[in-house]
Structures are given as C-alpha cells and as structure tokens.
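Here's the structure, in structure tokens; my notes come after.
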Amino acid sequence: MNAITAHHVTVRYGEVLAVDDVTVDIGEGRVCGLLGMNGSGKSTLFKALMGLVRPDTGEIRIMDRDRKQARREGLLAYVPQSEAVDWTFPVTVSDVVLMGRYGHLGPTRRPRRADKAAMRAALTRVGLTDLADRPIGELSGGQRKRAFVARGIAQDARLLLLDEPFAGVDTKSEATISDLLRELRDEGRTVVISTHDLASVPELCDEAVLLQQRVVAHGPTNDVLAPEVLARTFGVEAR
C-alpha cells in the first residue's frame with residue numbers, strides 16, 4: 001500500500017498556478033525528499049496532502065484513505081517551518097508533544113497515563129527529556145524541530161511531513177533528527193522532507209521528488225540528483 005497517492009493534482013491561488021498536474025506515489029517505509037527552489041510548490045503540495053488546501057483538480061489518498069479520514073485516524077503528522085509557529089505562545093515542550101495525543105484522548109480530553117507515557121517515550125527518543133518543562137519558545141531551532149518530531153511520534157503517525165527540517169538547525173540536532181528519521185523508516189513509517197538544501201538528501205533519503213510546479217523527476221535519490229537533471233531544472237551547471 002502506498003503511504004501517499006497523488007494523481008493529477010493542480011492547485012491555484014487565484015491566477016497563480018502553484019502546483020500543476022502533480023502525480024506521485026510514495027510507498028510505506030521510505031524517506032523521500034521533496035526538492036525544489038523557493039516557489040516551486042513544495043509547501044503547497046504539503047498543504048494539499050494535509051488537507052489544508054483543496055486541489056482544483058486531482059485526487060489525493062493517504063494510506064488508501066481520503067485526507068479527512070487519515071487525519072481523523074491520526075495517520076499523518078506535520079512538522080512546520082519555524083516561521084509558521086508562534087513561539088511566544090505559553091506552552092511547554094511536554095505540552096507540544098501531548099498535542100499529538102489529542103486523537104487518542106477520551107471524552108474528557110484529559111491526558112491519561114498512557115498518553116503521558118507516550119509523551120515521555122517520544123521525548124526520550126528525540127533527546128529532550130531534560131527540557132520537558134521548558135517553554136517551547138526558549139528552545140534552540142534544532143530543539144524546536146525535535147519537539148515537533150516528538151509530537152508526531154507520540155501521535156503514532158504512520159506518515160510524517162517535515163517542512164524544511166534542517167533550516168536554522170545546529171549540527172547536533174541535524175544528526176539527531178536524521179538518525180531518528182531513519183529509525184522511523186526502519187519501523188515501517190514514511191517520512192517526506194521538503195527542502196531546497198540538496199546536501200542533506202543523499203545520505204538520508206531513499207528516493208526524491210524534484211518539483212518545479214510539475215514533477216521534473218521522481219526516483220532513487222542519486223538518479224534525481226544527477227547533474228543533468230539538476231541543470232535542466234535549475235538552469236545551472238551542477239557538480
């Protein structure tokens with residue numbers, strides 16, 4: 001079963017064509033890089049996968065479910081860009097991770113023992129146990145990313161979408177996140193990383209999608225990052 005099935009997806013913002021006739025199938029248990037320059041449609045495609053924007057044409061299925069059903073079942077989690085988060089909001093790191101348990105809470109919406117145990121286990125996996133009670137806004141960029149990855153782990157999501165996960169991240173956090181994403185893949189989960197930083201892709205990603213409004217290339221990472229493909233897409237000589 002595919003984690004993502006997107007066929008002939010087109011998204012417009014008024015007269016602006018953001019994503020044009022995109023078709024991609026991504027199997028389970030993969031780390032996939034979604035590559036492209038700023039304005040290539042990466043964030044729009046993520047929003048379409050999440051159900052935050054409605055495609056003008058096309059169909060999207062998540063784990064063979066429609067997007068609404070997939071969200072209701074907690075199958076997909078989203079790690080946003082730093083710029084998309086209000087870091088002044090008064091919540092702690094543990095509060096952020098517990099948000100991933102919302103779909104598991106009972107009628108009272110109060111965290112139970114199992115929810116708190118899932119939160120603690122997720123914090124342990126991302127190395128943030130000692131910062132559980134720290135306000136999220138006081139963390140470094142890399143620690144914030146790790147907290148949102150922990151939220152997805154606590155949610156038990158089968159598909160994680162990470163938007164520019166290594167932007168503004170220190171070397172230690174980048175290594176921690178990369179190792180963790182590989183572990184999640186080995187557990188059968190699917191990870192899709194949106195990035196314009198090609199340097200981090202070859203060692204981490206099993207496959208890549210090169211996007212320029214349309215899908216330019218999709219396949220094994222080394223094939224997609226071939227110099228002639230990058231030159232055709234970005235109009236520069238690649239080494």
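Here's how to read the names in the structure tokens: chain A, B, ... by the order shown, residue numbers from 1 in each chain, ligand numbers from 1 in the order shown.
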Identify, on the basis of only C-alpha atoms, every residue whose closest approach to His7 in chain A does not exceed 7 Å; exclude the query and any residue fewer than 6 positions from it along the same chain; express the result as a compact mmCIF listing (two decimals) with N, CA and C atoms, in the first residue's frame.
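Wrote it out as selection-v7.txt, contents follow:
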```txt
# COMPACT_ATOMS: atom_id res chain seq x y z
N VAL A 22 0.42 17.36 -10.70
CA VAL A 22 1.42 16.56 -9.99
C VAL A 22 0.89 15.15 -9.73
N THR A 23 1.67 14.17 -10.11
CA THR A 23 1.36 12.77 -9.84
C THR A 23 2.57 12.13 -9.17
N VAL A 24 2.37 11.65 -7.94
CA VAL A 24 3.44 10.93 -7.22
C VAL A 24 2.81 9.81 -6.39
N GLY A 58 -7.65 16.74 -9.42
CA GLY A 58 -6.83 15.64 -8.95
C GLY A 58 -7.38 14.97 -7.70
N GLU A 59 -6.70 13.91 -7.32
CA GLU A 59 -7.11 13.09 -6.18
C GLU A 59 -5.91 12.80 -5.31
N ILE A 60 -6.12 12.83 -3.99
CA ILE A 60 -5.08 12.50 -3.02
C ILE A 60 -5.62 11.46 -2.06
```
Check the DSSP output for the backbone and give back, as a ChimeraX atom specification, the residues of range 3-188 of chain A in strand (DSSP E). /A:3-13,16-27,31-35,57-62,76-79,159-163
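Considering only C-alpha atoms, the residue among A:Met99, A:Ala118, A:Val91, A:Leu34 positioned nearest to Pro165 in chain A is A:Leu34.
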Near Leu198 in chain A, counting only C-alpha atoms, which residues have an atom at most 10 Å away, once you skip same-chain residues fewer than 5 positions from it, shown as a list in words? Gly33, Leu35, Gly36 and Leu225 of chain A
Keeping only C-alpha atoms, take the residues you just selected and write them out as a PDB file, in the first residue's frame.
```
ATOM      1  CA  GLY A  33      12.979  14.163  -0.234  1.00  0.00           C
ATOM      2  CA  LEU A  35      13.159  19.029  -3.578  1.00  0.00           C
ATOM      3  CA  GLY A  36      12.840  22.367  -5.306  1.00  0.00           C
ATOM      4  CA  LEU A 225      20.258  14.404  -8.198  1.00  0.00           C
TER       5      LEU A 225
END
```
Can you write out as JSON lines which residues of range 24-76 of chain A fall within 8 Å of range 167-187 of chain A, alongside each residue's closest atom pair and its distance in Å to one decimal, counting only C-alpha atoms and ordering rows by chain and ascending residue number?
```
{"residue": "A:Gly29", "atom": "CA", "partner": "A:Arg185", "partner_atom": "CA", "distance": 4.9}
{"residue": "A:Arg30", "atom": "CA", "partner": "A:Arg185", "partner_atom": "CA", "distance": 5.7}
{"residue": "A:Val31", "atom": "CA", "partner": "A:Arg185", "partner_atom": "CA", "distance": 6.5}
```
Could you turn the residues from that selection into a file that holds C-alpha atoms, as a short mmCIF file (atom, residue, chain, number, x, y, z; two decimals), in the first residue's frame?
```
data_model
loop_
_atom_site.label_atom_id
_atom_site.label_comp_id
_atom_site.auth_asym_id
_atom_site.auth_seq_id
_atom_site.Cartn_x
_atom_site.Cartn_y
_atom_site.Cartn_z
CA GLY A 29 8.66 2.64 4.93
CA ARG A 30 10.53 5.22 2.86
CA VAL A 31 12.30 8.51 3.45
#
```
Any idea what's packed within 8 Å of Asp156 in chain A, counting only C-alpha atoms, ignoring anything in its chain fewer than 3 positions away? Could you give it as a PDB file with C-alpha atoms, in the first residue's frame?
```
ATOM      1  CA  GLY A  74      -4.068  10.318  13.240  1.00  0.00           C
ATOM      2  CA  LEU A  75      -2.156   8.704  10.376  1.00  0.00           C
ATOM      3  CA  GLY A 152       4.430  13.077  15.597  1.00  0.00           C
ATOM      4  CA  ILE A 153       5.971  10.067  17.353  1.00  0.00           C
TER       5      ILE A 153
END
```
Quick one: pick out all alpha helix (DSSP H) residues within range 46-212 of chain A from a backbone DSSP run and write them as a VMD selection string. chain A and resid 46 to 50 67 to 72 93 to 98 113 to 126 141 to 155 171 to 186 201 to 204
All residues 10 Å or closer to Arg12 in chain A, only C-alpha atoms, same chain fewer than 3 positions away omitted, as a PyMOL selection string: chain A and resi 15-20+44+53-57
Might you pull out every residue within 10 Å of Trp87 in chain A, with only C-alpha atoms counted and same-chain residues fewer than 6 positions away left off, and present them as a list in words? Pro135, Ile136, Gly137, Glu138, Leu139 and Arg144 of chain A
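For the pair CA of Asp130 in chain A and CA of Ala117 in chain A, the separation is 15.2 Å.
Nearest to Gly103 in chain A of all the residues A:Thr195, A:Gln155, A:Thr190, A:Gln213 is A:Gln155, counting only C-alpha atoms.
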Within 10 Å of Leu123 in chain A, counting only C-alpha atoms, which residues qualify if same-chain residues fewer than 4 places away don't, as a list in words? Val93, Ser94, Val97, Ala117, Ala118, Met119, Gly127, Leu128, Thr129, Asp130, Leu131, Ala132, Arg146, Ala147, Phe148, Val149, Ala150, Arg151, Ile153 and Ala154 of chain A
For the residues in the current selection, export all heavy atoms as a CSV table (one decimal), in the first residue's frame.
```
chain,number,residue,atom,x,y,z
A,93,VAL,N,7.4,22.3,26.4
A,93,VAL,CA,7.8,21.2,25.4
A,93,VAL,C,6.8,20.0,25.6
A,93,VAL,O,6.4,19.4,24.6
A,93,VAL,CB,9.2,20.8,25.6
A,93,VAL,CG1,9.6,19.6,24.7
A,93,VAL,CG2,10.1,22.0,25.3
A,94,SER,N,6.6,19.6,26.8
A,94,SER,CA,5.7,18.5,27.0
A,94,SER,C,4.3,18.7,26.6
A,94,SER,O,3.6,17.8,26.0
A,94,SER,CB,5.7,18.1,28.5
A,94,SER,OG,5.2,19.1,29.3
A,97,VAL,N,4.2,18.1,22.8
A,97,VAL,CA,4.2,16.7,22.4
A,97,VAL,C,2.9,16.1,22.8
A,97,VAL,O,2.4,15.2,22.0
A,97,VAL,CB,5.4,16.0,23.2
A,97,VAL,CG1,5.4,14.5,22.9
A,97,VAL,CG2,6.7,16.6,22.8
A,117,ALA,N,2.7,8.6,29.2
A,117,ALA,CA,3.8,7.6,28.9
A,117,ALA,C,4.3,7.8,27.5
A,117,ALA,O,5.5,7.7,27.2
A,117,ALA,CB,3.3,6.2,29.2
A,118,ALA,N,3.4,7.9,26.5
A,118,ALA,CA,3.7,8.1,25.1
A,118,ALA,C,4.5,9.4,24.9
A,118,ALA,O,5.5,9.5,24.1
A,118,ALA,CB,2.5,8.1,24.2
A,119,MET,N,4.1,10.5,25.6
A,119,MET,CA,4.8,11.7,25.6
A,119,MET,C,6.2,11.6,26.1
A,119,MET,O,7.2,12.0,25.5
A,119,MET,CB,4.1,12.8,26.4
A,119,MET,CG,4.7,14.1,26.5
A,119,MET,SD,5.8,14.3,28.0
A,119,MET,CE,4.5,14.3,29.3
A,127,GLY,N,15.7,13.1,22.6
A,127,GLY,CA,16.7,13.7,23.5
A,127,GLY,C,16.3,15.0,24.2
A,127,GLY,O,17.2,15.8,24.4
A,128,LEU,N,15.1,15.1,24.5
A,128,LEU,CA,14.6,16.3,25.1
A,128,LEU,C,14.0,16.1,26.5
A,128,LEU,O,13.3,17.0,27.0
A,128,LEU,CB,13.6,17.1,24.2
A,128,LEU,CG,14.1,17.6,22.9
A,128,LEU,CD1,13.0,18.3,22.1
A,128,LEU,CD2,15.2,18.6,23.1
A,129,THR,N,14.2,15.0,27.1
A,129,THR,CA,13.6,14.7,28.4
A,129,THR,C,13.9,15.8,29.4
A,129,THR,O,13.0,16.2,30.2
A,129,THR,CB,14.1,13.3,28.9
A,129,THR,OG1,13.7,12.3,28.0
A,129,THR,CG2,13.5,13.0,30.2
A,130,ASP,N,15.1,16.3,29.4
A,130,ASP,CA,15.5,17.3,30.5
A,130,ASP,C,14.9,18.6,30.2
A,130,ASP,O,14.9,19.5,31.1
A,130,ASP,CB,17.0,17.4,30.5
A,130,ASP,CG,17.8,16.2,31.0
A,130,ASP,OD1,17.1,15.3,31.6
A,130,ASP,OD2,19.0,16.0,30.7
A,131,LEU,N,14.3,18.8,29.0
A,131,LEU,CA,13.7,20.1,28.7
A,131,LEU,C,12.1,20.0,28.7
A,131,LEU,O,11.5,20.9,28.1
A,131,LEU,CB,14.2,20.6,27.3
A,131,LEU,CG,15.7,20.8,27.3
A,131,LEU,CD1,16.1,21.2,25.8
A,131,LEU,CD2,16.2,21.8,28.3
A,132,ALA,N,11.6,19.0,29.2
A,132,ALA,CA,10.1,18.8,29.1
A,132,ALA,C,9.3,19.9,29.6
A,132,ALA,O,8.3,20.3,29.1
A,132,ALA,CB,9.7,17.5,29.8
A,146,ARG,N,13.0,19.1,17.0
A,146,ARG,CA,13.0,17.8,17.6
A,146,ARG,C,11.7,17.6,18.4
A,146,ARG,O,11.1,16.5,18.5
A,146,ARG,CB,14.2,17.6,18.5
A,146,ARG,CG,15.4,17.3,17.7
A,146,ARG,CD,16.7,17.8,18.3
A,146,ARG,NE,17.0,17.1,19.6
A,146,ARG,CZ,17.9,17.5,20.4
A,146,ARG,NH1,18.7,18.5,20.1
A,146,ARG,NH2,18.1,16.9,21.6
A,147,ALA,N,11.2,18.7,19.0
A,147,ALA,CA,10.0,18.7,19.8
A,147,ALA,C,8.8,18.3,18.9
A,147,ALA,O,7.9,17.6,19.3
A,147,ALA,CB,9.8,20.0,20.5
A,148,PHE,N,8.8,18.9,17.7
A,148,PHE,CA,7.6,18.6,16.8
A,148,PHE,C,7.7,17.2,16.2
A,148,PHE,O,6.7,16.6,16.0
A,148,PHE,CB,7.6,19.7,15.7
A,148,PHE,CG,6.8,20.9,16.1
A,148,PHE,CD1,7.5,22.0,16.7
A,148,PHE,CD2,5.5,21.0,15.9
A,148,PHE,CE1,6.8,23.1,17.1
A,148,PHE,CE2,4.7,22.1,16.3
A,148,PHE,CZ,5.4,23.2,16.9
A,149,VAL,N,8.9,16.7,16.0
A,149,VAL,CA,9.1,15.3,15.6
A,149,VAL,C,8.6,14.4,16.7
A,149,VAL,O,7.9,13.4,16.5
A,149,VAL,CB,10.5,15.0,15.3
A,149,VAL,CG1,10.7,13.5,15.0
A,149,VAL,CG2,11.0,15.8,14.0
A,150,ALA,N,8.9,14.8,18.0
A,150,ALA,CA,8.4,14.0,19.1
A,150,ALA,C,6.8,14.0,19.1
A,150,ALA,O,6.2,13.0,19.5
A,150,ALA,CB,8.9,14.6,20.4
A,151,ARG,N,6.2,15.1,18.8
A,151,ARG,CA,4.8,15.2,18.7
A,151,ARG,C,4.2,14.2,17.8
A,151,ARG,O,3.2,13.5,18.0
A,151,ARG,CB,4.3,16.6,18.4
A,151,ARG,CG,2.8,16.8,18.4
A,151,ARG,CD,2.4,18.2,17.9
A,151,ARG,NE,2.7,18.4,16.5
A,151,ARG,CZ,2.3,19.5,15.9
A,151,ARG,NH1,1.7,20.5,16.5
A,151,ARG,NH2,2.6,19.7,14.6
A,153,ILE,N,5.7,11.4,16.8
A,153,ILE,CA,6.0,10.1,17.4
A,153,ILE,C,4.9,9.7,18.4
A,153,ILE,O,4.4,8.6,18.4
A,153,ILE,CB,7.4,10.0,18.0
A,153,ILE,CG1,8.4,10.1,16.8
A,153,ILE,CG2,7.6,8.7,18.7
A,153,ILE,CD1,9.9,10.3,17.4
A,154,ALA,N,4.6,10.7,19.3
A,154,ALA,CA,3.6,10.4,20.3
A,154,ALA,C,2.2,10.2,19.7
A,154,ALA,O,1.4,9.4,20.2
A,154,ALA,CB,3.5,11.6,21.3
```
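Between CA of Ala6 in chain A and CA of Arg61 in chain A there is a distance of 6.4 Å.
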Nearest to Lys42 in chain A, restricted to only C-alpha atoms and choosing among A:Asp223, A:Glu164, A:Tyr78, A:Arg120, comes out as A:Glu164
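Of the residues under consideration (A:Leu98, A:Leu160, A:Ala48, A:Val11), A:Leu160 shows the shortest atom-to-atom contact distance to Pro80 in chain A when counting only C-alpha atoms.
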Distance table requested - range 135-227 of chain A against range 67-72 of chain A, cut-off 10 Å, only C-alpha atoms: one row per qualifying residue with the closest atom pair and its distance in Å to one decimal, ordered by chain and rising residue number, as a Markdown table.
```
| residue | atom | partner | partner_atom | distance |
| --- | --- | --- | --- | --- |
| A:Ala157 | CA | A:Arg71 | CA | 9.5 |
| A:Arg158 | CA | A:Ala70 | CA | 9.9 |
| A:Leu159 | CA | A:Ala70 | CA | 9.8 |
```
Can you write just those residues out, all heavy atoms, as a compact mmCIF listing (two decimals), in the first residue's frame?
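The resulting again-v4.txt:
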```
# COMPACT_ATOMS: atom_id res chain seq x y z
N ALA A 157 1.88 8.54 14.33
CA ALA A 157 1.57 8.79 12.92
C ALA A 157 2.38 7.83 12.05
O ALA A 157 3.53 7.52 12.34
CB ALA A 157 1.90 10.23 12.56
N ARG A 158 1.75 7.38 10.96
CA ARG A 158 2.43 6.49 10.02
C ARG A 158 3.12 7.28 8.91
O ARG A 158 3.97 6.74 8.21
CB ARG A 158 1.43 5.52 9.40
CG ARG A 158 0.61 4.73 10.41
CD ARG A 158 1.47 3.99 11.39
NE ARG A 158 2.39 3.05 10.75
CZ ARG A 158 3.42 2.48 11.36
NH1 ARG A 158 3.69 2.77 12.63
NH2 ARG A 158 4.21 1.64 10.72
N LEU A 159 2.74 8.54 8.75
CA LEU A 159 3.34 9.41 7.73
C LEU A 159 3.70 10.73 8.37
O LEU A 159 2.85 11.38 8.99
CB LEU A 159 2.34 9.63 6.58
CG LEU A 159 2.69 10.71 5.55
CD1 LEU A 159 3.98 10.36 4.81
CD2 LEU A 159 1.54 10.89 4.56
```
Top pick for closest residue to Thr233 in chain A, considering A:Met37, A:Val126, A:Met1, A:Val79 and counting only C-alpha atoms: A:Met37
